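Here is the file start15.csv (CSV, C-alpha atoms).
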chain,number,residue,atom,x,y,z
A,1,THR,CA,68.1,-2.0,-88.2
A,2,SER,CA,64.8,-0.9,-86.8
A,3,TYR,CA,63.8,1.8,-84.4
A,4,ALA,CA,60.6,3.5,-83.3
A,5,ALA,CA,59.2,6.1,-85.6
A,6,PHE,CA,57.1,7.8,-83.0
A,7,SER,CA,58.2,9.6,-79.7
A,8,ASP,CA,56.8,12.0,-77.1
A,9,THR,CA,58.0,13.8,-74.0
A,10,ALA,CA,56.4,15.3,-70.9
A,11,SER,CA,58.0,18.0,-68.8
A,12,SER,CA,57.5,19.8,-65.5
A,13,SER,CA,58.9,23.3,-65.7
A,14,GLY,CA,59.0,26.3,-63.4
A,15,ASN,CA,59.7,24.3,-60.3
A,16,THR,CA,60.6,26.4,-57.2
A,17,PHE,CA,62.1,25.5,-53.9
A,18,SER,CA,62.2,27.7,-50.8
A,19,THR,CA,63.0,27.3,-47.2
A,20,GLY,CA,60.8,27.8,-44.2
A,21,THR,CA,61.7,30.0,-41.3
A,22,VAL,CA,61.8,29.5,-37.6
A,23,ASP,CA,61.2,32.8,-35.9
A,24,LEU,CA,61.0,33.3,-32.1
A,25,VAL,CA,60.4,36.7,-30.5
A,26,ASP,CA,59.7,37.8,-27.0
A,27,ASP,CA,57.9,40.7,-25.4
A,28,ASP,CA,60.8,42.3,-23.5
A,29,SER,CA,61.6,44.9,-26.1
A,30,GLY,CA,65.3,44.5,-25.2
A,31,ALA,CA,64.7,45.4,-21.5
A,32,VAL,CA,66.5,43.6,-18.6
A,33,ARG,CA,64.2,41.1,-16.8
A,34,PHE,CA,65.9,41.3,-13.4
A,35,ASN,CA,67.8,44.2,-11.9
A,36,VAL,CA,67.6,43.5,-8.2
A,37,SER,CA,69.8,44.7,-5.4
A,38,GLY,CA,69.7,44.3,-1.6
A,39,LEU,CA,68.4,40.7,-1.6
A,40,ILE,CA,68.2,39.1,1.8
A,41,PRO,CA,68.1,35.4,2.6
A,42,GLY,CA,64.7,34.0,1.9
A,43,GLN,CA,63.6,36.8,-0.4
A,44,SER,CA,62.2,36.0,-3.9
A,45,VAL,CA,61.8,37.9,-7.1
A,46,THR,CA,59.5,36.8,-9.9
A,47,GLY,CA,59.3,37.9,-13.5
A,48,CYS,CA,57.5,36.7,-16.6
A,49,ILE,CA,58.3,36.9,-20.3
A,50,THR,CA,56.1,35.8,-23.2
A,51,VAL,CA,57.8,34.0,-26.1
A,52,THR,CA,56.0,33.8,-29.5
A,53,TYR,CA,56.8,31.4,-32.3
A,54,GLN,CA,55.9,33.1,-35.6
A,55,GLY,CA,57.9,31.0,-38.1
A,56,THR,CA,56.6,29.5,-41.3
A,57,VAL,CA,57.7,26.0,-40.4
A,58,ALA,CA,54.4,24.6,-39.1
A,59,ASP,CA,55.8,22.1,-36.6
A,60,PRO,CA,59.4,22.9,-35.5
A,61,GLY,CA,61.1,21.3,-32.5
A,62,PRO,CA,60.5,22.3,-28.9
A,63,VAL,CA,61.3,25.7,-27.6
A,64,ARG,CA,64.1,25.4,-25.0
A,65,VAL,CA,65.6,27.8,-22.5
A,66,TYR,CA,69.3,27.7,-21.5
A,67,SER,CA,71.9,29.9,-19.9
A,68,GLY,CA,73.8,32.3,-22.0
A,69,GLY,CA,76.3,32.9,-19.2
A,70,PHE,CA,76.8,35.2,-16.3
A,71,SER,CA,79.5,36.7,-14.0
A,72,ASP,CA,79.6,35.8,-10.4
A,73,SER,CA,81.7,37.9,-7.9
A,74,GLY,CA,81.9,34.9,-5.6
A,75,SER,CA,79.7,31.9,-5.4
A,76,LEU,CA,76.4,33.6,-5.1
A,77,ALA,CA,74.9,31.6,-8.0
A,78,SER,CA,75.1,28.5,-5.8
A,79,HIS,CA,72.7,30.2,-3.3
A,80,LEU,CA,70.2,31.6,-5.8
A,81,ASP,CA,67.4,29.1,-6.3
A,82,LEU,CA,65.9,29.3,-9.8
A,83,THR,CA,62.5,28.0,-10.9
A,84,ILE,CA,61.2,28.3,-14.4
A,85,GLU,CA,57.6,27.5,-15.3
A,86,GLU,CA,55.9,27.4,-18.7
A,87,GLY,CA,52.4,28.5,-19.0
A,88,THR,CA,49.9,31.0,-20.3
A,89,GLY,CA,48.8,34.5,-19.3
A,90,GLY,CA,51.0,37.2,-17.9
A,91,SER,CA,53.7,39.1,-19.8
A,92,PHE,CA,56.9,40.9,-19.4
A,93,ALA,CA,55.0,43.8,-17.9
A,94,GLY,CA,53.8,41.5,-15.1
A,95,CYS,CA,52.8,38.0,-14.1
A,96,ALA,CA,49.1,38.7,-13.3
A,97,GLY,CA,47.0,36.0,-14.9
A,98,PHE,CA,49.9,33.6,-15.3
A,99,THR,CA,48.8,29.9,-15.2
A,100,ALA,CA,51.5,27.3,-15.0
A,101,THR,CA,51.3,24.3,-17.2
A,102,GLY,CA,54.5,22.8,-15.8
A,103,THR,CA,57.9,23.5,-14.1
A,104,ILE,CA,60.7,23.0,-16.5
A,105,GLU,CA,63.6,23.9,-14.2
A,106,SER,CA,64.2,23.8,-10.5
A,107,GLY,CA,67.6,24.1,-8.8
A,108,THR,CA,70.2,26.7,-8.3
A,109,LEU,CA,71.3,29.3,-10.8
A,110,ALA,CA,74.7,27.6,-10.8
A,111,SER,CA,73.3,24.2,-11.6
A,112,PHE,CA,71.2,25.7,-14.4
A,113,HIS,CA,74.2,27.4,-15.9
A,114,ALA,CA,76.3,24.2,-15.6
A,115,ALA,CA,73.7,21.8,-17.1
A,116,ARG,CA,71.7,24.0,-19.5
A,117,THR,CA,74.3,25.6,-21.9
A,118,THR,CA,72.9,24.8,-25.4
A,119,TYR,CA,69.7,24.0,-27.2
A,120,ALA,CA,70.5,20.3,-26.9
A,121,THR,CA,70.7,20.6,-23.1
A,122,GLY,CA,68.0,23.3,-22.7
A,123,ALA,CA,64.9,23.0,-20.6
A,124,GLY,CA,61.4,23.1,-22.0
A,125,VAL,CA,58.5,21.0,-23.3
A,126,TRP,CA,56.5,23.5,-25.4
A,127,ASN,CA,56.5,22.3,-29.0
A,128,PRO,CA,54.6,24.9,-31.2
A,129,SER,CA,52.4,23.2,-33.8
A,130,SER,CA,51.0,26.3,-35.4
A,131,THR,CA,52.0,29.9,-36.0
A,132,PRO,CA,51.8,32.4,-34.4
A,133,VAL,CA,51.5,30.9,-30.9
A,134,SER,CA,52.8,32.0,-27.5
A,135,ARG,CA,53.9,30.7,-24.1
A,136,THR,CA,54.7,32.6,-21.0
A,137,TYR,CA,57.6,31.7,-18.8
A,138,ARG,CA,57.6,32.7,-15.1
A,139,LEU,CA,61.1,32.9,-13.6
A,140,THR,CA,61.4,32.9,-9.8
A,141,VAL,CA,64.8,33.6,-8.1
A,142,THR,CA,65.1,33.1,-4.4
A,143,LEU,CA,68.1,33.9,-2.2
A,144,SER,CA,68.4,30.7,-0.1
A,145,ALA,CA,67.6,31.2,3.5
A,146,SER,CA,70.8,29.3,4.4
A,147,THR,CA,73.1,31.8,2.4
A,148,PRO,CA,76.2,32.3,4.5
A,149,ASN,CA,77.5,35.7,5.7
A,150,THR,CA,80.4,35.3,3.3
A,151,GLN,CA,78.0,36.2,0.4
A,152,GLN,CA,77.1,39.6,1.8
A,153,GLY,CA,77.7,42.1,-1.0
A,154,ALA,CA,78.2,39.4,-3.7
A,155,ALA,CA,76.6,39.8,-7.1
A,156,VAL,CA,75.7,37.8,-10.2
A,157,THR,CA,75.6,40.1,-13.2
A,158,ALA,CA,75.0,39.8,-16.9
A,159,GLN,CA,72.9,36.6,-16.6
A,160,THR,CA,71.4,35.8,-20.0
A,161,PHE,CA,68.5,33.5,-20.5
A,162,VAL,CA,68.2,32.2,-24.0
A,163,TRP,CA,65.1,30.8,-25.7
A,164,GLU,CA,65.7,28.8,-28.9
A,165,VAL,CA,63.7,26.8,-31.4
A,166,GLN,CA,65.1,24.6,-34.1
A,167,SER,CA,63.7,22.7,-37.0
Represent the supplied structure as structure tokens.
Amino acid sequence: TSYAAFSDTASSSGNTFSTGTVDLVDDDSGAVRFNVSGLIPGQSVTGCITVTYQGTVADPGPVRVYSGGFSDSGSLASHLDLTIEEGTGGSFAGCAGFTATGTIESGTLASFHAARTTYATGAGVWNPSSTPVSRTYRLTVTLSASTPNTQQGAAVTAQTFVWEVQS
């Protein structure tokens, strides 16, 4: 029999694998965005919140907003018109300087809650391509001018807006 008398090897040692992070923070410091009482038909309230992507994954999926739920003492959510805009400028402290880049939601709070319940169905077009980078969202809630008298004293409570990013 015959066989090779010479041999050699090469190796690659010390290999390391680690995962990236997707990290989304906002500037509300845990405070409630809206705590409004005494709304009358036709009245609007507006608030802003800045969301910052600071993960290590350089190009995650889009940031989306959806409803985390609420309680409605009647059918008031069907009479609360909701508009959510993405943009720049402004902050949780106030919307001064906000410039919209687009409207991502427009309808009633009830329709937002019914249609936007998960990341997959959430609203939003902002897709961070670097880190850290921020967008401001302006939320406007209006009690419809056609709200019937039966809604006097009604309340929507514990409304949660959820911003999420996935990779």
Computed interatomic separation between CA of Pro41 in chain A and CA of His79 in chain A (Å):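 For CA of Pro41 in chain A relative to CA of His79 in chain A, the distance reads 9.1 Å.
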Considering all atoms listed in the file, can you say which of A:Arg135, A:Arg33, A:Arg64, A:His113 comes closest to Thr52 in chain A?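 Distance minimum relative to Thr52 in chain A lands on A:Arg135.
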Please report the interatomic distance between CA of Ala110 in chain A and CA of Phe70 in chain A in Å with one decimal. 9.6 Å
If I take CA of Cys48 in chain A and CA of Asp81 in chain A, how far is one from the other in Å, to one decimal?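 Separating CA of Cys48 in chain A from CA of Asp81 in chain A is a distance of 16.2 Å.
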Which residues are close to Ile40 in chain A, i.e. within 10 Å by only C-alpha atoms, leaving aside same-chain residues fewer than 6 positions away? Reply as an mmCIF file with C-alpha atoms, in the coordinates of the input.
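selection.cif was written with the following content:
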data_model
loop_
_atom_site.group_PDB
_atom_site.id
_atom_site.type_symbol
_atom_site.label_atom_id
_atom_site.label_comp_id
_atom_site.auth_asym_id
_atom_site.auth_seq_id
_atom_site.Cartn_x
_atom_site.Cartn_y
_atom_site.Cartn_z
ATOM 1 C CA THR A 142 65.100 33.100 -4.400
ATOM 2 C CA LEU A 143 68.100 33.900 -2.200
ATOM 3 C CA SER A 144 68.400 30.700 -0.100
ATOM 4 C CA ALA A 145 67.600 31.200 3.500
ATOM 5 C CA THR A 147 73.100 31.800 2.400
ATOM 6 C CA GLN A 152 77.100 39.600 1.800
#
Across A:Val57, A:Val162, A:Val125, A:Ala77, the smallest distance to Thr21 in chain A, with only C-alpha atoms counted, is shown by A:Val57
Using only C-alpha atoms, can you tell me which of A:Leu139, A:Val156, A:Val32, A:Val165 comes closest to Gly87 in chain A?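 Distance minimum relative to Gly87 in chain A lands on A:Leu139.
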Please return, as a list of chain:residue names, all polymer residues that have at least one atom within 12 Å of the point (57.6, 34.5, -33.7); use all atoms listed in the file and the file's own coordinate frame.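 Output: A:Thr21, A:Val22, A:Asp23, A:Leu24, A:Val25, A:Asp26, A:Asp27, A:Thr50, A:Val51, A:Thr52, A:Tyr53, A:Gln54, A:Gly55, A:Thr56, A:Val57, A:Ala58, A:Pro60, A:Val63, A:Pro128, A:Ser130, A:Thr131, A:Pro132, A:Val133, A:Ser134, A:Arg135, A:Trp163, A:Glu164, A:Val165.
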Would you pick out the contacts of Glu105 in chain A at 7 Å or less, using all atoms listed in the file, so that residues sharing its chain but fewer than 6 positions from it are not included, and give the list as a PyMOL selection string? chain A and resi 83-84+123
May I have the protein, DNA and RNA residues with any atom at most 7 Å from the point (67.2, 28.4, -16.5), counting all atoms listed in the file, written as a ChimeraX atom specification? /A:65-67,82,84,105,112,116,161
Counting all atoms listed in the file, which residue out of A:Ser29, A:Gln43, A:Ser78, A:Thr101 sits closest to Gln151 in chain A?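 The shortest atom-to-atom distance to Gln151 in chain A comes from A:Ser78.
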With only C-alpha atoms as the atoms that count, which of A:Ser111, A:Ser37, A:Thr46, A:Ser129 lies nearest to Gly90 in chain A?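 Checking each of A:Ser111, A:Ser37, A:Thr46, A:Ser129 against Gly90 in chain A, counting only C-alpha atoms, the winner is A:Thr46.
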